[in-house]
Amino acid sequence: MAQNQKNHKPPRKINVIRINLSWIYILLIVGIGFMIFGNRGAEPQKIEWDQVKTMIQSGDIKEIKFIRNDFKGQISVRPEAMNKYSSYFAEGKLPKSAPQFYFLTSSHFDPENEFEAANEGLQPASRAKIVMVNERKIWGNVLEWIIPFLFIILLWGWMFRGFGKNMGGGPGGAGMNPFNVGKATGKLADKEKVKVTFKDVAGLYGAKEEVVEIVDFLKNPKKYTSLGGKIPKGALLVGPPGTGKTLLAKAVAGEADVPFFSISGSDFVEMFVGVGASRVRDLFAQAKEKAPCIVFIDEIDAVGRARGKNVGFSSNDERENTLNQLLTEMDGFGTNSGVIVLAATNRADILDKALMRAGRFDRQIHVDLPELKEREEIFKVHMKGLRIDKDFDVAFMAKHTPGFSGADIANVCNEAALTAARHDKKVIDRQDFLDAVDRIIGGIEKKGSIMTAAEKKSIAHHEAGHAVVSWLLPNANPLFKVTLIPRGNALGAAWYLPEEHKLLTRSQMTDEMCSLIGGRVAEEILNGEPSTGAQNDLERLTALAYGMVQYYGMSDAVGNLSYYDSTGARGYEFNKPYSEKTAELMDEEVKKIVRNIHDKTLELLKIHDKEWRDVASLLLDKEVIFADDVEKILGPKVRPEGYVSPDASQIESIENE
């Protein structure tokens with residue numbers, strides 16, 4: 001027994017050479033093309049029988065091959081006589097091989113007698129050799145039939161075999177196979193390839209907590225079902241662009257020990273009727289086979305738009321068919337036990353109500369713009385691979401980027417690194433980050449921009465008007481800096497650090513509107529007339545004024561009414577929800593509000609005329625001034641009564657509670 005084990009040899013591993021049939025198809029096509037269109041030189045030229053007789057009499061023809069069944073003669077000219085006939089060929093390019101000429105005859109042509117008469121009287125060496133043949137065209141006829149069928153077979157094999165996998169179709173994907181057009185294009189995430197975890201998701205405390213709980217549902221279902229509870233069927237991530245909705249989904253894929261399908265909402269919608277619904281069925285069929293698992297649909301608004309409100313006004317719209325199938329798969333007669341659907345959108349207001357109800361998307365997870373403490377954590381995540389100055393204050397940058405999303409902060413960090421490299425620095429300091437913020441918000445500096453002295457003076461007083469009004473009004477946003485350096489489409493700019501309010505009072509909105517119109521009023525005082533430089537300010541001012549009247553009920557004449565449709569239920573209705581008389585009243589109220597704002601701002605600048613002009617002169621001298629410079633002229637920033645500045649420690653203590 002031991003001897004048998006000793007003599008036993010393990011089976012030799014056979015190396016299988018795999019041949020990619022695509023290359024064989026390509027080589028065959030190239031070969032056929034070369035045979036048909038290959039470089040054969042000039043083609044034989046057709047001549048008439050009278051010319052042939054002349055060439056025979058001249059002794060220039062070496063051989064005539066006459067094909068009886070085709071009534072065709074092929075002429076081979078003697079090499080030494082070829083130059084005499086170069087004019088018969090384009091650009092004098094002669095055929096590389098015989099025959100050089102051919103002639104056609106009728107069925108009444110008698111070759112024996114005609115050739116004999118043409119050769120009569122010539123010396124034997126000069127006589128043309130005559131060869132009579134009957135050609136058999138079996139292979140020619142066969143090839144005429146085979147080549148088209150061969151080409152069709154090659155095309156069939158190229159399109160319908162598993163070539164779609166190499167074109168991005170993947171498992172279950174459509175690829176280039178028309179028979180797979182109804183297959184779902186969702187990608188099954190491989191855990192080893194997904195490196196993102198919840199540790200990489202900074203901030204988003206509430207949203208992350210709910211997503212972690214969903215992963216825990218799948219890992220430990222008995223913990224929840226033992227009490228009679230049911231695992232949620234779906235969760236919808238809602239929030240502005242760039243806040244980290246897709247990143248949260250990637251973190252779920254990295255953390256979960258279950259299969260994770262990811263697909264975009266636009267992948268369901270095709271021009272072919274029924275394809276979207278078929279792909280939805282196929283996606284959930286694959287998910288059921290892998291259950292428990294997670295299906296992530298990014299940008300679900302591409303397919304989940306409310307039915308009956310499509311611009312096309314089609315009663316049998318493909319998008320609606322796809323949505324109906326999605327609704328059925330998520331909560332219909334069939335069960336999707338163990339399949340949790342995650343979806344992301346920044347347009348939840350346009351989604352169909354049947355999609356949003358409990359039983360389909362049981363939870364709506366709001367992923368909002370990060371607050372101060374969250375921005376600080378996001379900065380730390382994106383600064384890991386950067387060479388930062390050791391004295392850099394992350395809390396300072398978090399405070400100076402209000403309203404920035406996670407994607408914006410990532411862009412700031414990258415731009416700061418590029419700015420430091422542009423100035424040949426060894427490390428990235430605070431100024432690089434501030435320059436990056438300026439570039440992202442306002443655009444690149446236009447240092448070579450040409451403007452007249454009068455224009456520069458007007459712009460300086462315009463920006464000084466913004467700065468002074470915002471400094472003197474208690475509820476206006478705190479000023480950070482004012483600049484005369486053009487950026488993007490702006491000839492100058494006043495930068496603020498808006499405080500993060502959850503609610504806005506009428507006085508806060510009024511002070512903000514005074515700050516917006518401060519530049520226009522300053523131009524009127526300086527030049528006696530306005531200019532076009534306040535277009536953006538007036539646009540924002542008008543939007544705020546109409547918001548006060550139409551949406552927030554801050555007009556005594558209109559009353560406590562709001563005509564804002566937060567549900568999107570009105571869709572594409574062309575009728576306004578108020579009468580023409582009410583519309584006229586709203587317009588009058590908006591004009592009244594703007595007029596009062598203008599007069600209040602004008603009075604404020606006239607009272608502080610000297611300080612305003614001093615700020616403008618300092619701005620003309622330095623081109624960039626900061627809040628400290630304005631404070632030296634106007635004194636400390638005016639604050640409302642009982643104001644307490646929120647700092648990081650206060651926010652942290654609130655979060656800990």
# chains A, B, ... in the order shown; residues from 1 in each chain; ligands from 1

call {"tool": "residues_around", "arguments": {"residues": "segment 364-381 of chain A", "least_positions_apart": "5", "cutoff": "8 Å", "atoms": "only C-alpha atoms", "output": "PyMOL selection string"}}
result
chain A and resi 200-204+207+210+235-240+243-245+394-395+397-399+402-406+409-410+413+500+648+651-652

call {"tool": "select_by_dssp", "arguments": {"residues": "segment 466-501 of chain A", "states": "helix (DSSP H, G or I)", "output": "list in words"}}
result
His466, Ala467, Val468, Val469, Ser470, Trp471 and Leu472 of chain A

call {"tool": "write_last_selection", "arguments": {"atoms": "N, CA and C atoms", "output": "PDB file, in the first residue's frame"}}
result
ATOM      1  N   HIS A 466     -21.623  97.653   0.196  1.00  0.00           N
ATOM      2  CA  HIS A 466     -22.000  96.347   0.754  1.00  0.00           C
ATOM      3  C   HIS A 466     -21.393  96.160   2.140  1.00  0.00           C
ATOM      4  N   ALA A 467     -20.096  96.437   2.248  1.00  0.00           N
ATOM      5  CA  ALA A 467     -19.377  96.165   3.490  1.00  0.00           C
ATOM      6  C   ALA A 467     -19.907  97.004   4.647  1.00  0.00           C
ATOM      7  N   VAL A 468     -20.117  98.306   4.415  1.00  0.00           N
ATOM      8  CA  VAL A 468     -20.543  99.207   5.489  1.00  0.00           C
ATOM      9  C   VAL A 468     -21.960  98.874   5.957  1.00  0.00           C
ATOM     10  N   VAL A 469     -22.871  98.632   5.018  1.00  0.00           N
ATOM     11  CA  VAL A 469     -24.261  98.326   5.395  1.00  0.00           C
ATOM     12  C   VAL A 469     -24.325  97.024   6.189  1.00  0.00           C
ATOM     13  N   SER A 470     -23.595  95.991   5.730  1.00  0.00           N
ATOM     14  CA  SER A 470     -23.622  94.713   6.458  1.00  0.00           C
ATOM     15  C   SER A 470     -22.977  94.850   7.831  1.00  0.00           C
ATOM     16  N   TRP A 471     -22.001  95.769   7.952  1.00  0.00           N
ATOM     17  CA  TRP A 471     -21.319  95.955   9.241  1.00  0.00           C
ATOM     18  C   TRP A 471     -22.198  96.688  10.244  1.00  0.00           C
ATOM     19  N   LEU A 472     -23.036  97.608   9.751  1.00  0.00           N
ATOM     20  CA  LEU A 472     -23.820  98.452  10.649  1.00  0.00           C
ATOM     21  C   LEU A 472     -25.166  97.841  11.016  1.00  0.00           C
TER      22      LEU A 472
END

call {"tool": "residues_around", "arguments": {"residues": "Ile56 of chain A", "least_positions_apart": "5", "cutoff": "10 Å", "atoms": "only C-alpha atoms", "output": "short mmCIF file (atom, residue, chain, number, x, y, z; two decimals) with C-alpha atoms, in the first residue's frame"}}
result
data_model
loop_
_atom_site.label_atom_id
_atom_site.label_comp_id
_atom_site.auth_asym_id
_atom_site.auth_seq_id
_atom_site.Cartn_x
_atom_site.Cartn_y
_atom_site.Cartn_z
CA GLN A 51 -6.71 47.05 -82.14
CA ILE A 61 1.60 40.21 -78.44
CA LYS A 62 3.19 37.25 -76.74
CA GLU A 63 0.09 35.17 -76.06
CA ILE A 64 -3.67 35.31 -76.45
CA VAL A 77 2.10 41.78 -74.25
CA PHE A 115 -6.34 34.36 -85.31
CA ALA A 118 -4.07 37.90 -88.08
CA ASN A 119 -0.83 35.87 -87.76
CA GLU A 120 -0.51 35.36 -91.52
CA LEU A 122 4.59 36.93 -89.65
CA SER A 126 6.82 37.29 -83.96
CA ARG A 127 3.64 35.27 -84.17
CA ALA A 128 1.20 35.50 -81.23
CA LYS A 129 0.70 32.23 -79.35
#

call {"tool": "closest_atom_pairs", "arguments": {"of": "segment 294-384 of chain A", "to": "segment 414-438 of chain A", "cutoff": "12 Å", "atoms": "only C-alpha atoms", "output": "CSV"}}
result
residue,atom,partner,partner_atom,distance
A:Phe379,CA,A:Phe433,CA,11.0
A:His382,CA,A:Asn414,CA,8.6
A:Met383,CA,A:Asn414,CA,8.9
A:Lys384,CA,A:Asn414,CA,11.6

call {"tool": "closest_residue", "arguments": {"among": "A:Asn475, A:Asn596, A:Trp612, A:Lys591", "to": "Gly519 of chain A", "atoms": "only C-alpha atoms"}}
result
A:Trp612

call {"tool": "closest_residue", "arguments": {"among": "A:Ala344, A:Leu504, A:Ala251, A:Val258", "to": "Phe217 of chain A", "atoms": "only C-alpha atoms"}}
result
A:Val258

call {"tool": "residues_around", "arguments": {"residues": "segment 479-493 of chain A", "least_positions_apart": "2", "cutoff": "8 Å", "atoms": "only C-alpha atoms", "output": "CSV table (one decimal) with all heavy atoms, in the first residue's frame"}}
result
chain,number,residue,atom,x,y,z
A,439,ARG,N,-11.2,80.9,-5.1
A,439,ARG,CA,-11.2,80.4,-6.5
A,439,ARG,C,-12.4,79.6,-6.8
A,439,ARG,O,-13.0,79.7,-7.9
A,439,ARG,CB,-9.9,79.6,-6.8
A,439,ARG,CG,-9.8,79.2,-8.3
A,439,ARG,CD,-8.5,78.7,-8.6
A,439,ARG,NE,-8.4,78.4,-10.0
A,439,ARG,CZ,-7.3,78.1,-10.7
A,439,ARG,NH1,-6.1,78.1,-10.0
A,439,ARG,NH2,-7.2,77.8,-11.9
A,442,GLY,N,-15.6,82.3,-6.4
A,442,GLY,CA,-15.6,83.4,-7.3
A,442,GLY,C,-15.0,83.1,-8.7
A,442,GLY,O,-15.2,83.8,-9.6
A,443,GLY,N,-14.1,82.1,-8.8
A,443,GLY,CA,-13.4,81.9,-10.0
A,443,GLY,C,-12.0,82.3,-9.9
A,443,GLY,O,-11.5,82.9,-8.9
A,444,ILE,N,-11.2,82.2,-11.0
A,444,ILE,CA,-9.8,82.5,-11.0
A,444,ILE,C,-9.6,84.0,-11.1
A,444,ILE,O,-10.5,84.7,-11.7
A,444,ILE,CB,-9.1,81.8,-12.2
A,444,ILE,CG1,-7.6,81.9,-12.1
A,444,ILE,CG2,-9.6,82.4,-13.6
A,444,ILE,CD1,-6.8,81.1,-13.1
A,445,GLU,N,-8.6,84.5,-10.5
A,445,GLU,CA,-8.3,86.0,-10.5
A,445,GLU,C,-8.0,86.4,-12.0
A,445,GLU,O,-7.3,85.7,-12.7
A,445,GLU,CB,-7.1,86.3,-9.6
A,445,GLU,CG,-7.4,86.2,-8.2
A,445,GLU,CD,-6.2,86.6,-7.3
A,445,GLU,OE1,-5.2,87.1,-7.9
A,445,GLU,OE2,-6.2,86.5,-6.1
A,446,LYS,N,-8.5,87.6,-12.3
A,446,LYS,CA,-8.2,88.2,-13.6
A,446,LYS,C,-7.4,89.4,-13.4
A,446,LYS,O,-7.9,90.6,-13.4
A,446,LYS,CB,-9.5,88.6,-14.4
A,446,LYS,CG,-10.4,87.4,-14.7
A,446,LYS,CD,-11.6,87.8,-15.5
A,446,LYS,CE,-12.5,86.6,-15.9
A,446,LYS,NZ,-13.7,87.1,-16.6
A,447,LYS,N,-6.1,89.2,-13.1
A,447,LYS,CA,-5.2,90.3,-12.7
A,447,LYS,C,-4.9,91.2,-13.9
A,447,LYS,O,-4.6,92.4,-13.7
A,447,LYS,CB,-3.9,89.8,-12.1
A,447,LYS,CG,-4.1,89.0,-10.9
A,447,LYS,CD,-2.7,88.5,-10.3
A,447,LYS,CE,-2.9,87.8,-9.0
A,447,LYS,NZ,-1.7,87.3,-8.4
A,449,SER,N,-7.1,92.2,-16.1
A,449,SER,CA,-8.4,92.8,-16.5
A,449,SER,C,-8.2,94.3,-16.6
A,449,SER,O,-7.7,95.0,-15.7
A,449,SER,CB,-9.5,92.5,-15.6
A,449,SER,OG,-10.7,93.0,-16.1
A,456,LYS,N,-13.0,101.7,-11.8
A,456,LYS,CA,-12.4,101.1,-10.6
A,456,LYS,C,-12.9,101.9,-9.3
A,456,LYS,O,-13.2,101.3,-8.3
A,456,LYS,CB,-10.9,101.2,-10.7
A,456,LYS,CG,-10.2,100.4,-9.6
A,456,LYS,CD,-8.7,100.3,-9.9
A,456,LYS,CE,-8.0,99.5,-8.9
A,456,LYS,NZ,-6.5,99.4,-9.2
A,459,ILE,N,-16.5,100.7,-8.7
A,459,ILE,CA,-16.6,99.4,-8.1
A,459,ILE,C,-16.1,99.4,-6.6
A,459,ILE,O,-16.7,98.7,-5.8
A,459,ILE,CB,-15.7,98.4,-8.9
A,459,ILE,CG1,-16.2,98.3,-10.3
A,459,ILE,CG2,-15.6,97.1,-8.2
A,459,ILE,CD1,-15.3,97.6,-11.3
A,460,ALA,N,-15.1,100.2,-6.3
A,460,ALA,CA,-14.6,100.3,-4.9
A,460,ALA,C,-15.7,100.8,-4.0
A,460,ALA,O,-16.0,100.3,-2.9
A,460,ALA,CB,-13.4,101.2,-4.9
A,463,GLU,N,-18.5,98.1,-3.6
A,463,GLU,CA,-18.2,97.0,-2.6
A,463,GLU,C,-18.1,97.6,-1.2
A,463,GLU,O,-18.5,96.9,-0.2
A,463,GLU,CB,-16.9,96.4,-3.0
A,463,GLU,CG,-16.9,95.7,-4.4
A,463,GLU,CD,-17.9,94.7,-4.5
A,463,GLU,OE1,-18.4,94.1,-3.5
A,463,GLU,OE2,-18.4,94.4,-5.7
A,464,ALA,N,-17.7,98.9,-1.1
A,464,ALA,CA,-17.6,99.5,0.2
A,464,ALA,C,-19.0,99.7,0.8
A,464,ALA,O,-19.3,99.6,2.0
A,464,ALA,CB,-16.9,100.8,0.2
A,467,ALA,N,-20.1,96.4,2.2
A,467,ALA,CA,-19.4,96.2,3.5
A,467,ALA,C,-19.9,97.0,4.6
A,467,ALA,O,-20.1,96.5,5.8
A,467,ALA,CB,-17.9,96.4,3.3
A,470,SER,N,-23.6,96.0,5.7
A,470,SER,CA,-23.6,94.7,6.5
A,470,SER,C,-23.0,94.8,7.8
A,470,SER,O,-23.4,94.1,8.8
A,470,SER,CB,-22.9,93.6,5.6
A,470,SER,OG,-21.5,93.9,5.5
A,471,TRP,N,-22.0,95.8,8.0
A,471,TRP,CA,-21.3,96.0,9.2
A,471,TRP,C,-22.2,96.7,10.2
A,471,TRP,O,-22.2,96.4,11.4
A,471,TRP,CB,-20.0,96.7,9.0
A,471,TRP,CG,-19.1,96.7,10.2
A,471,TRP,CD1,-19.0,97.6,11.2
A,471,TRP,CD2,-18.1,95.7,10.4
A,471,TRP,NE1,-18.0,97.2,12.1
A,471,TRP,CE2,-17.4,96.1,11.6
A,471,TRP,CE3,-17.7,94.6,9.8
A,471,TRP,CZ2,-16.4,95.3,12.2
A,471,TRP,CZ3,-16.6,93.8,10.3
A,471,TRP,CH2,-16.0,94.2,11.5
A,477,ASN,N,-25.1,89.4,7.6
A,477,ASN,CA,-24.0,88.4,7.7
A,477,ASN,C,-22.7,89.1,8.0
A,477,ASN,O,-22.4,90.2,7.4
A,477,ASN,CB,-23.8,87.6,6.4
A,477,ASN,CG,-25.0,86.7,6.2
A,477,ASN,OD1,-25.5,86.1,7.2
A,477,ASN,ND2,-25.4,86.5,5.0
A,495,TRP,N,-16.9,89.3,0.7
A,495,TRP,CA,-17.1,88.0,1.2
A,495,TRP,C,-17.6,88.0,2.6
A,495,TRP,O,-17.1,88.7,3.4
A,495,TRP,CB,-15.7,87.2,1.1
A,495,TRP,CG,-15.1,87.2,-0.2
A,495,TRP,CD1,-14.3,88.2,-0.8
A,495,TRP,CD2,-15.2,86.2,-1.2
A,495,TRP,NE1,-13.9,87.9,-2.0
A,495,TRP,CE2,-14.4,86.6,-2.3
A,495,TRP,CE3,-15.8,85.0,-1.3
A,495,TRP,CZ2,-14.3,85.9,-3.5
A,495,TRP,CZ3,-15.6,84.2,-2.4
A,495,TRP,CH2,-14.9,84.7,-3.5
A,496,TYR,N,-18.5,87.1,2.8
A,496,TYR,CA,-19.2,87.1,4.2
A,496,TYR,C,-19.0,85.7,4.8
A,496,TYR,O,-18.7,84.7,4.0
A,496,TYR,CB,-20.6,87.4,4.1
A,496,TYR,CG,-20.9,88.8,3.5
A,496,TYR,CD1,-21.2,88.9,2.2
A,496,TYR,CD2,-20.9,89.9,4.3
A,496,TYR,CE1,-21.4,90.2,1.6
A,496,TYR,CE2,-21.2,91.2,3.8
A,496,TYR,CZ,-21.4,91.3,2.4
A,496,TYR,OH,-21.7,92.5,1.9
A,497,LEU,N,-19.2,85.6,6.1
A,497,LEU,CA,-19.3,84.3,6.8
A,497,LEU,C,-20.7,84.2,7.4
A,497,LEU,O,-20.9,84.5,8.5
A,497,LEU,CB,-18.2,84.3,7.9
A,497,LEU,CG,-16.7,84.3,7.4
A,497,LEU,CD1,-15.8,84.3,8.6
A,497,LEU,CD2,-16.4,83.1,6.5
A,619,LEU,N,-9.9,100.6,0.2
A,619,LEU,CA,-10.0,99.5,-0.8
A,619,LEU,C,-9.3,99.8,-2.1
A,619,LEU,O,-8.6,99.0,-2.7
A,619,LEU,CB,-11.5,99.2,-1.0
A,619,LEU,CG,-11.8,98.0,-1.9
A,619,LEU,CD1,-11.2,96.7,-1.4
A,619,LEU,CD2,-13.3,97.9,-2.1
A,620,LEU,N,-9.4,101.1,-2.5
A,620,LEU,CA,-8.7,101.5,-3.7
A,620,LEU,C,-7.2,101.4,-3.5
A,620,LEU,O,-6.4,101.1,-4.5
A,620,LEU,CB,-9.1,102.9,-4.1
A,620,LEU,CG,-10.4,103.1,-4.9
A,620,LEU,CD1,-10.8,104.6,-4.9
A,620,LEU,CD2,-10.3,102.5,-6.3
A,623,GLU,N,-6.6,97.2,-2.5
A,623,GLU,CA,-7.3,96.3,-3.4
A,623,GLU,C,-8.0,95.1,-2.6
A,623,GLU,O,-9.0,94.6,-3.1
A,623,GLU,CB,-6.4,95.7,-4.5
A,623,GLU,CG,-6.1,96.6,-5.6
A,623,GLU,CD,-5.5,96.0,-6.8
A,623,GLU,OE1,-4.9,94.9,-6.6
A,623,GLU,OE2,-5.6,96.5,-7.9
A,624,VAL,N,-7.5,94.7,-1.5
A,624,VAL,CA,-8.1,93.7,-0.6
A,624,VAL,C,-8.0,94.2,0.8
A,624,VAL,O,-6.9,94.4,1.3
A,624,VAL,CB,-7.4,92.3,-0.8
A,624,VAL,CG1,-8.1,91.3,0.1
A,624,VAL,CG2,-7.4,91.8,-2.2
A,625,ILE,N,-9.2,94.3,1.5
A,625,ILE,CA,-9.2,94.6,2.9
A,625,ILE,C,-10.0,93.6,3.6
A,625,ILE,O,-10.9,92.9,3.1
A,625,ILE,CB,-9.8,96.0,3.1
A,625,ILE,CG1,-11.2,96.1,2.6
A,625,ILE,CG2,-8.9,97.1,2.5
A,625,ILE,CD1,-11.9,97.4,2.9
A,626,PHE,N,-9.7,93.4,4.9
A,626,PHE,CA,-10.4,92.4,5.7
A,626,PHE,C,-11.3,93.1,6.8
A,626,PHE,O,-11.3,94.3,6.9
A,626,PHE,CB,-9.3,91.5,6.4
A,626,PHE,CG,-8.6,90.7,5.4
A,626,PHE,CD1,-7.4,91.2,4.8
A,626,PHE,CD2,-9.0,89.4,5.1
A,626,PHE,CE1,-6.8,90.4,3.8
A,626,PHE,CE2,-8.4,88.6,4.1
A,626,PHE,CZ,-7.2,89.1,3.5
A,627,ALA,N,-11.9,92.2,7.6
A,627,ALA,CA,-12.8,92.7,8.6
A,627,ALA,C,-12.1,93.6,9.6
A,627,ALA,O,-12.7,94.6,10.1
A,627,ALA,CB,-13.5,91.5,9.3

call {"tool": "atom_distance", "arguments": {"atom1": "atom CA of Val549 of chain A", "atom2": "atom CA of Glu499 of chain A"}}
result
23.6 Å

call {"tool": "atom_distance", "arguments": {"atom1": "atom CA of Ala125 of chain A", "atom2": "atom CA of Met55 of chain A"}}
result
14.5 Å

call {"tool": "residues_around", "arguments": {"residues": "segment 526-541 of chain A", "least_positions_apart": "3", "cutoff": "8 Å", "atoms": "only C-alpha atoms", "output": "compact mmCIF listing (two decimals) with N, CA, C and O atoms, in the first residue's frame"}}
result
# COMPACT_ATOMS: atom_id res chain seq x y z
N SER A 458 -15.81 103.43 -9.05
CA SER A 458 -17.21 103.07 -8.86
C SER A 458 -17.34 101.69 -8.22
O SER A 458 -18.16 101.49 -7.32
N HIS A 461 -16.45 101.88 -4.44
CA HIS A 461 -17.52 102.42 -3.61
C HIS A 461 -18.71 101.47 -3.56
O HIS A 461 -19.42 101.41 -2.54
N MET A 513 -31.31 91.97 2.88
CA MET A 513 -31.69 92.66 1.65
C MET A 513 -31.07 94.05 1.58
O MET A 513 -30.66 94.51 0.50
N LEU A 516 -27.62 93.60 0.41
CA LEU A 516 -27.56 93.31 -1.02
C LEU A 516 -27.66 94.57 -1.87
O LEU A 516 -26.96 94.72 -2.87
N ILE A 517 -28.55 95.50 -1.48
CA ILE A 517 -28.75 96.70 -2.29
C ILE A 517 -27.79 97.81 -1.92
O ILE A 517 -27.79 98.89 -2.55
N GLY A 519 -24.62 98.15 -2.48
CA GLY A 519 -23.74 98.53 -3.58
C GLY A 519 -24.44 99.42 -4.58
O GLY A 519 -23.87 100.42 -5.05
N ARG A 520 -25.68 99.11 -4.94
CA ARG A 520 -26.45 99.92 -5.89
C ARG A 520 -26.67 101.33 -5.33
O ARG A 520 -26.51 102.33 -6.03
N VAL A 521 -27.05 101.43 -4.04
CA VAL A 521 -27.31 102.73 -3.42
C VAL A 521 -26.01 103.55 -3.37
O VAL A 521 -26.02 104.77 -3.61
N ALA A 522 -24.89 102.89 -3.08
CA ALA A 522 -23.61 103.60 -3.04
C ALA A 522 -23.26 104.19 -4.41
O ALA A 522 -22.75 105.32 -4.51
N GLU A 523 -23.54 103.46 -5.48
CA GLU A 523 -23.29 103.98 -6.83
C GLU A 523 -24.17 105.20 -7.11
O GLU A 523 -23.73 106.17 -7.75
N LEU A 544 -35.65 87.20 -2.70
CA LEU A 544 -35.98 87.27 -1.27
C LEU A 544 -37.29 88.00 -1.04
O LEU A 544 -38.10 87.59 -0.20
N ALA A 545 -37.51 89.08 -1.77
CA ALA A 545 -38.74 89.86 -1.59
C ALA A 545 -39.97 89.04 -1.97
O ALA A 545 -40.97 89.03 -1.23
N VAL A 594 -39.10 96.47 -1.50
CA VAL A 594 -37.81 96.88 -2.08
C VAL A 594 -37.62 98.38 -1.96
O VAL A 594 -36.50 98.86 -1.69

call {"tool": "closest_residue", "arguments": {"among": "A:Ala583, A:Leu351, A:Ala358, A:Ala287", "to": "Gly338 of chain A", "atoms": "only C-alpha atoms"}}
result
A:Ala287

call {"tool": "closest_residue", "arguments": {"among": "A:Gly121, A:Gly206, A:Pro44, A:Gly59", "to": "Ser97 of chain A", "atoms": "only C-alpha atoms"}}
result
A:Pro44

call {"tool": "select_by_dssp", "arguments": {"residues": "segment 289-535 of chain A", "states": "strand (DSSP E or B)", "output": "VMD selection string"}}
result
chain A and resid 293 to 298 305 339 to 345 351 363 to 366 388 428 445 479 to 483 487 490 493 to 496

call {"tool": "atom_distance", "arguments": {"atom1": "atom CA of Val303 of chain A", "atom2": "atom CA of Phe284 of chain A"}}
result
15.7 Å

call {"tool": "residues_around", "arguments": {"residues": "segment 291-298 of chain A", "least_positions_apart": "5", "cutoff": "10 Å", "atoms": "only C-alpha atoms", "output": "CSV table (one decimal) with C-alpha atoms, in the first residue's frame"}}
result
chain,number,residue,atom,x,y,z
A,186,GLY,CA,-26.5,46.4,-12.2
A,187,LYS,CA,-23.0,45.6,-10.9
A,188,LEU,CA,-22.5,43.1,-8.1
A,214,ILE,CA,-29.7,48.7,8.0
A,215,VAL,CA,-26.4,46.8,7.7
A,217,PHE,CA,-30.4,44.2,10.1
A,218,LEU,CA,-28.8,42.0,7.5
A,219,LYS,CA,-25.9,40.8,9.7
A,221,PRO,CA,-31.7,39.6,11.6
A,233,LYS,CA,-37.8,47.0,2.7
A,234,GLY,CA,-36.1,50.2,1.6
A,235,ALA,CA,-34.5,53.5,2.6
A,236,LEU,CA,-34.3,56.7,0.5
A,237,LEU,CA,-31.2,58.9,0.8
A,245,LYS,CA,-25.3,60.0,-0.5
A,246,THR,CA,-23.3,57.7,-2.9
A,249,ALA,CA,-23.9,53.6,-0.2
A,250,LYS,CA,-20.3,52.6,-1.0
A,252,VAL,CA,-22.6,50.0,3.1
A,253,ALA,CA,-21.0,47.9,0.4
A,256,ALA,CA,-21.9,44.6,4.7
A,257,ASP,CA,-21.1,40.9,4.4
A,258,VAL,CA,-23.9,40.5,1.9
A,259,PRO,CA,-24.1,41.0,-1.9
A,260,PHE,CA,-24.5,44.6,-3.0
A,261,PHE,CA,-26.0,45.5,-6.4
A,262,SER,CA,-25.5,49.0,-7.6
A,263,ILE,CA,-27.3,50.6,-10.6
A,264,SER,CA,-28.3,54.0,-11.8
A,265,GLY,CA,-31.9,55.0,-12.4
A,266,SER,CA,-31.1,56.0,-16.0
A,267,ASP,CA,-29.9,52.4,-16.7
A,283,LEU,CA,-32.4,42.9,-11.2
A,284,PHE,CA,-34.8,41.7,-8.5
A,285,ALA,CA,-34.6,38.2,-9.8
A,286,GLN,CA,-30.8,38.3,-9.3
A,303,VAL,CA,-37.2,56.5,-13.3
A,336,ASN,CA,-38.6,40.1,-1.7
A,337,SER,CA,-37.6,38.7,1.6
A,338,GLY,CA,-34.1,39.7,2.5
A,339,VAL,CA,-33.7,42.3,-0.3
A,340,ILE,CA,-33.3,45.9,1.0
A,341,VAL,CA,-33.4,48.7,-1.6
A,342,LEU,CA,-31.3,51.8,-1.0
A,343,ALA,CA,-31.9,54.7,-3.3
A,344,ALA,CA,-30.4,58.2,-3.6
A,345,THR,CA,-31.9,61.4,-5.0

call {"tool": "residues_around", "arguments": {"residues": "segment 87-91 of chain A", "least_positions_apart": "4", "cutoff": "12 Å", "atoms": "only C-alpha atoms", "output": "ChimeraX atom specification"}}
result
/A:41-47,82-83,95,100-101

call {"tool": "closest_residue", "arguments": {"among": "A:Ile440, A:Leu634, A:Met356, A:Ala616", "to": "Leu327 of chain A", "atoms": "only C-alpha atoms"}}
result
A:Met356
